[in-house]
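Enquirer: Pasting a structure here, questions to come.
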Amino acid sequence: MSYILLTNDDGVHHPGLLALREALNSVGEVTVMAPDHNWSAAGHTKTMHKPLRVTSVTLPDGTPAYASTGAPSDCVALVVLGVLGPRLPDLVVSGINQGANVGQDITYSGTVAAAMEGVISGIPSIAVSLDSYEASDFSYAAQVGAGVARLVLKHGLPPHTLLNVNVPARPAGEIAGVRVTRLGRRVYRDVLIERQDPRGRPYYWIGGEPPGGAADEEGTDIWALAQGYVSITPLRMDMTEYQLLQEIENWLADWSLDHG
Ligand SMILES: [Mn+2]
């Protein structure tokens, strides 16, 4: 039976993780190692300057899980490095995240970072997110996540690639279907909020409205969600812009390190 490591970035007690835990029971043997608090937007973290602790916890359905003081990517690293024993997971699943991870979100996402940590270790990995910051019904997204997990276990993934899955927050009957997509363009609406501490010194919050996006660019993850489709985006760790290699070579033709 396949061995699946489940983690998330919203914390081990988040209902999105529980829903996916239950759906994955039919796919393989599931072990949960997730952060002990919310790490949303923590990105890809490797904790190097403080110790990590791992504790046993019980999920609301009575199943055992592990919580760590580390980031989502630390949770994957802990298991891969053997904190629970020598057996390596056959699949890493991260989610279900509360909120979509589309476009440039993937660079902030702790959910996607956990999947990245999996593929860096050579383990096929998927990230699953629900396109709502409020919805509490993760049951459909959990079925989608379990279905994609089954497909990845059956077909495998090339090295250094993961699948980023986003699910519309709609009743199952209102889902338009599934689209395989490319990354779209997020439009962030961050604003800087300045306040004063009790000693009169300024401090700052990065606040603002939730992000929007270019929903009219057909074939993107953002477009798919806006149209009511489940979005599956294959991502690779290689961020090289191959089309620019020759261009930068051309820059160097008349540039000397010695003379600036
Ligand atoms: Mn999150």
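In the structure tokens, the first chain shown is A, the next is B, and so on; residue numbers restart at 1 for each chain, and ligands run from 1 in the order shown.
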Which residues are near ligand 1 - at most 12 Å, using only C-alpha atoms and all ligand atoms? Format: as JSON, numbers by chain.

Expert: {"A": [7, 8, 9, 10, 11, 12, 14, 15, 16, 17, 34, 35, 37, 38, 39, 40, 41, 42, 43, 71, 72, 94, 95, 96, 97, 98, 99, 100, 101, 105, 106, 108, 109, 110, 111, 112, 113, 114, 127, 128, 129, 130, 131, 132, 133, 134]}

Enquirer: Can those selected residues be exported to a file as a compact mmCIF listing (two decimals), in the first residue's frame so that it contains C-alpha atoms?

Expert:
```txt
# COMPACT_ATOMS: atom_id res chain seq x y z
CA THR A 7 0.88 18.25 5.53
CA ASN A 8 -0.48 21.78 5.15
CA ASP A 9 0.32 25.38 6.02
CA ASP A 10 -2.84 26.35 7.93
CA GLY A 11 -1.89 24.16 10.87
CA VAL A 12 -2.53 20.56 11.90
CA HIS A 14 -7.34 23.08 10.25
CA PRO A 15 -10.50 21.43 8.82
CA GLY A 16 -9.03 21.46 5.30
CA LEU A 17 -6.35 19.01 6.37
CA ALA A 34 1.84 19.40 9.91
CA PRO A 35 2.75 22.69 11.59
CA HIS A 37 0.20 26.84 13.95
CA ASN A 38 -0.71 28.77 10.82
CA TRP A 39 2.21 29.36 8.43
CA SER A 40 0.24 30.78 5.51
CA ALA A 41 2.48 32.82 3.17
CA ALA A 42 5.58 31.44 4.90
CA GLY A 43 7.04 30.39 1.54
CA ALA A 71 7.22 25.38 8.67
CA PRO A 72 5.34 23.19 6.18
CA SER A 94 -0.17 19.39 0.97
CA GLY A 95 -3.54 20.93 1.82
CA ILE A 96 -6.32 21.55 1.60
CA ASN A 97 -5.31 25.20 1.85
CA GLN A 98 -7.87 27.83 2.83
CA GLY A 99 -7.56 30.11 -0.21
CA ALA A 100 -6.39 29.64 -3.79
CA ASN A 101 -2.69 29.39 -4.65
CA ASP A 105 0.97 33.09 -5.02
CA ILE A 106 3.08 29.98 -5.46
CA TYR A 108 4.53 32.91 -1.09
CA SER A 109 2.61 29.71 -0.47
CA GLY A 110 3.63 27.43 2.38
CA THR A 111 1.26 24.86 0.89
CA VAL A 112 3.11 24.77 -2.44
CA ALA A 113 6.48 25.02 -0.65
CA ALA A 114 5.75 21.76 1.18
CA ALA A 127 -0.60 20.85 -3.44
CA VAL A 128 -4.37 21.30 -3.05
CA SER A 129 -6.15 24.59 -2.34
CA LEU A 130 -9.79 25.69 -2.08
CA ASP A 131 -10.62 29.03 -3.71
CA SER A 132 -12.16 30.66 -0.65
CA TYR A 133 -10.87 32.34 2.48
CA GLU A 134 -14.14 31.62 4.30
```

Enquirer: Name the residues in contact with stretch 22-27 of chain A at a cut-off of 7 Å, using only C-alpha atoms, excluding same-chain residues fewer than 6 positions from it; report them as a ChimeraX atom specification.

Expert: /A:142-143,146,150

Enquirer: Please produce an output containing N, CA and C atoms for each residue in the selection, written as a PDB file, in the first residue's frame.

Expert:
```pdb
ATOM      1  N   ALA A 142     -11.630  17.758  -1.220  1.00  0.00           N
ATOM      2  CA  ALA A 142     -10.939  16.576  -0.696  1.00  0.00           C
ATOM      3  C   ALA A 142     -11.057  15.403  -1.665  1.00  0.00           C
ATOM      4  N   GLN A 143     -12.232  15.256  -2.284  1.00  0.00           N
ATOM      5  CA  GLN A 143     -12.399  14.194  -3.283  1.00  0.00           C
ATOM      6  C   GLN A 143     -11.495  14.446  -4.485  1.00  0.00           C
ATOM      7  N   ALA A 146      -7.895  13.645  -3.468  1.00  0.00           N
ATOM      8  CA  ALA A 146      -7.672  12.196  -3.396  1.00  0.00           C
ATOM      9  C   ALA A 146      -7.601  11.602  -4.806  1.00  0.00           C
ATOM     10  N   ARG A 150      -4.371   9.709  -6.483  1.00  0.00           N
ATOM     11  CA  ARG A 150      -4.448   8.378  -7.088  1.00  0.00           C
ATOM     12  C   ARG A 150      -3.812   8.386  -8.485  1.00  0.00           C
TER      13      ARG A 150
END
```

Enquirer: Could you give me the residues within stretch 19-234 of chain A that DSSP places in alpha helix (DSSP H), as JSON, numbers by chain?

Expert: {"A": [19, 20, 21, 22, 23, 24, 72, 73, 74, 75, 76, 77, 78, 79, 80, 110, 111, 112, 113, 114, 115, 116, 117, 118, 119, 120, 139, 140, 141, 142, 143, 144, 145, 146, 147, 148, 149, 150, 151, 152, 153, 154, 155, 221, 222, 223, 224, 225, 226]}

Enquirer: Smallest atom-to-atom distance to A:Glu218: which of A:Val30, A:Val180, A:Val187, A:Ile193, using only C-alpha atoms?

Expert: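 Checking each of A:Val30, A:Val180, A:Val187, A:Ile193 against A:Glu218, counting only C-alpha atoms, the winner is A:Val180.
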
Enquirer: Report, in Å with one decimal, the straight-line distance from atom CA of A:Tyr3 to atom CA of A:Leu163.

Expert: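 Atom-to-atom, atom CA of A:Tyr3 and atom CA of A:Leu163 are spaced 17.9 Å apart.
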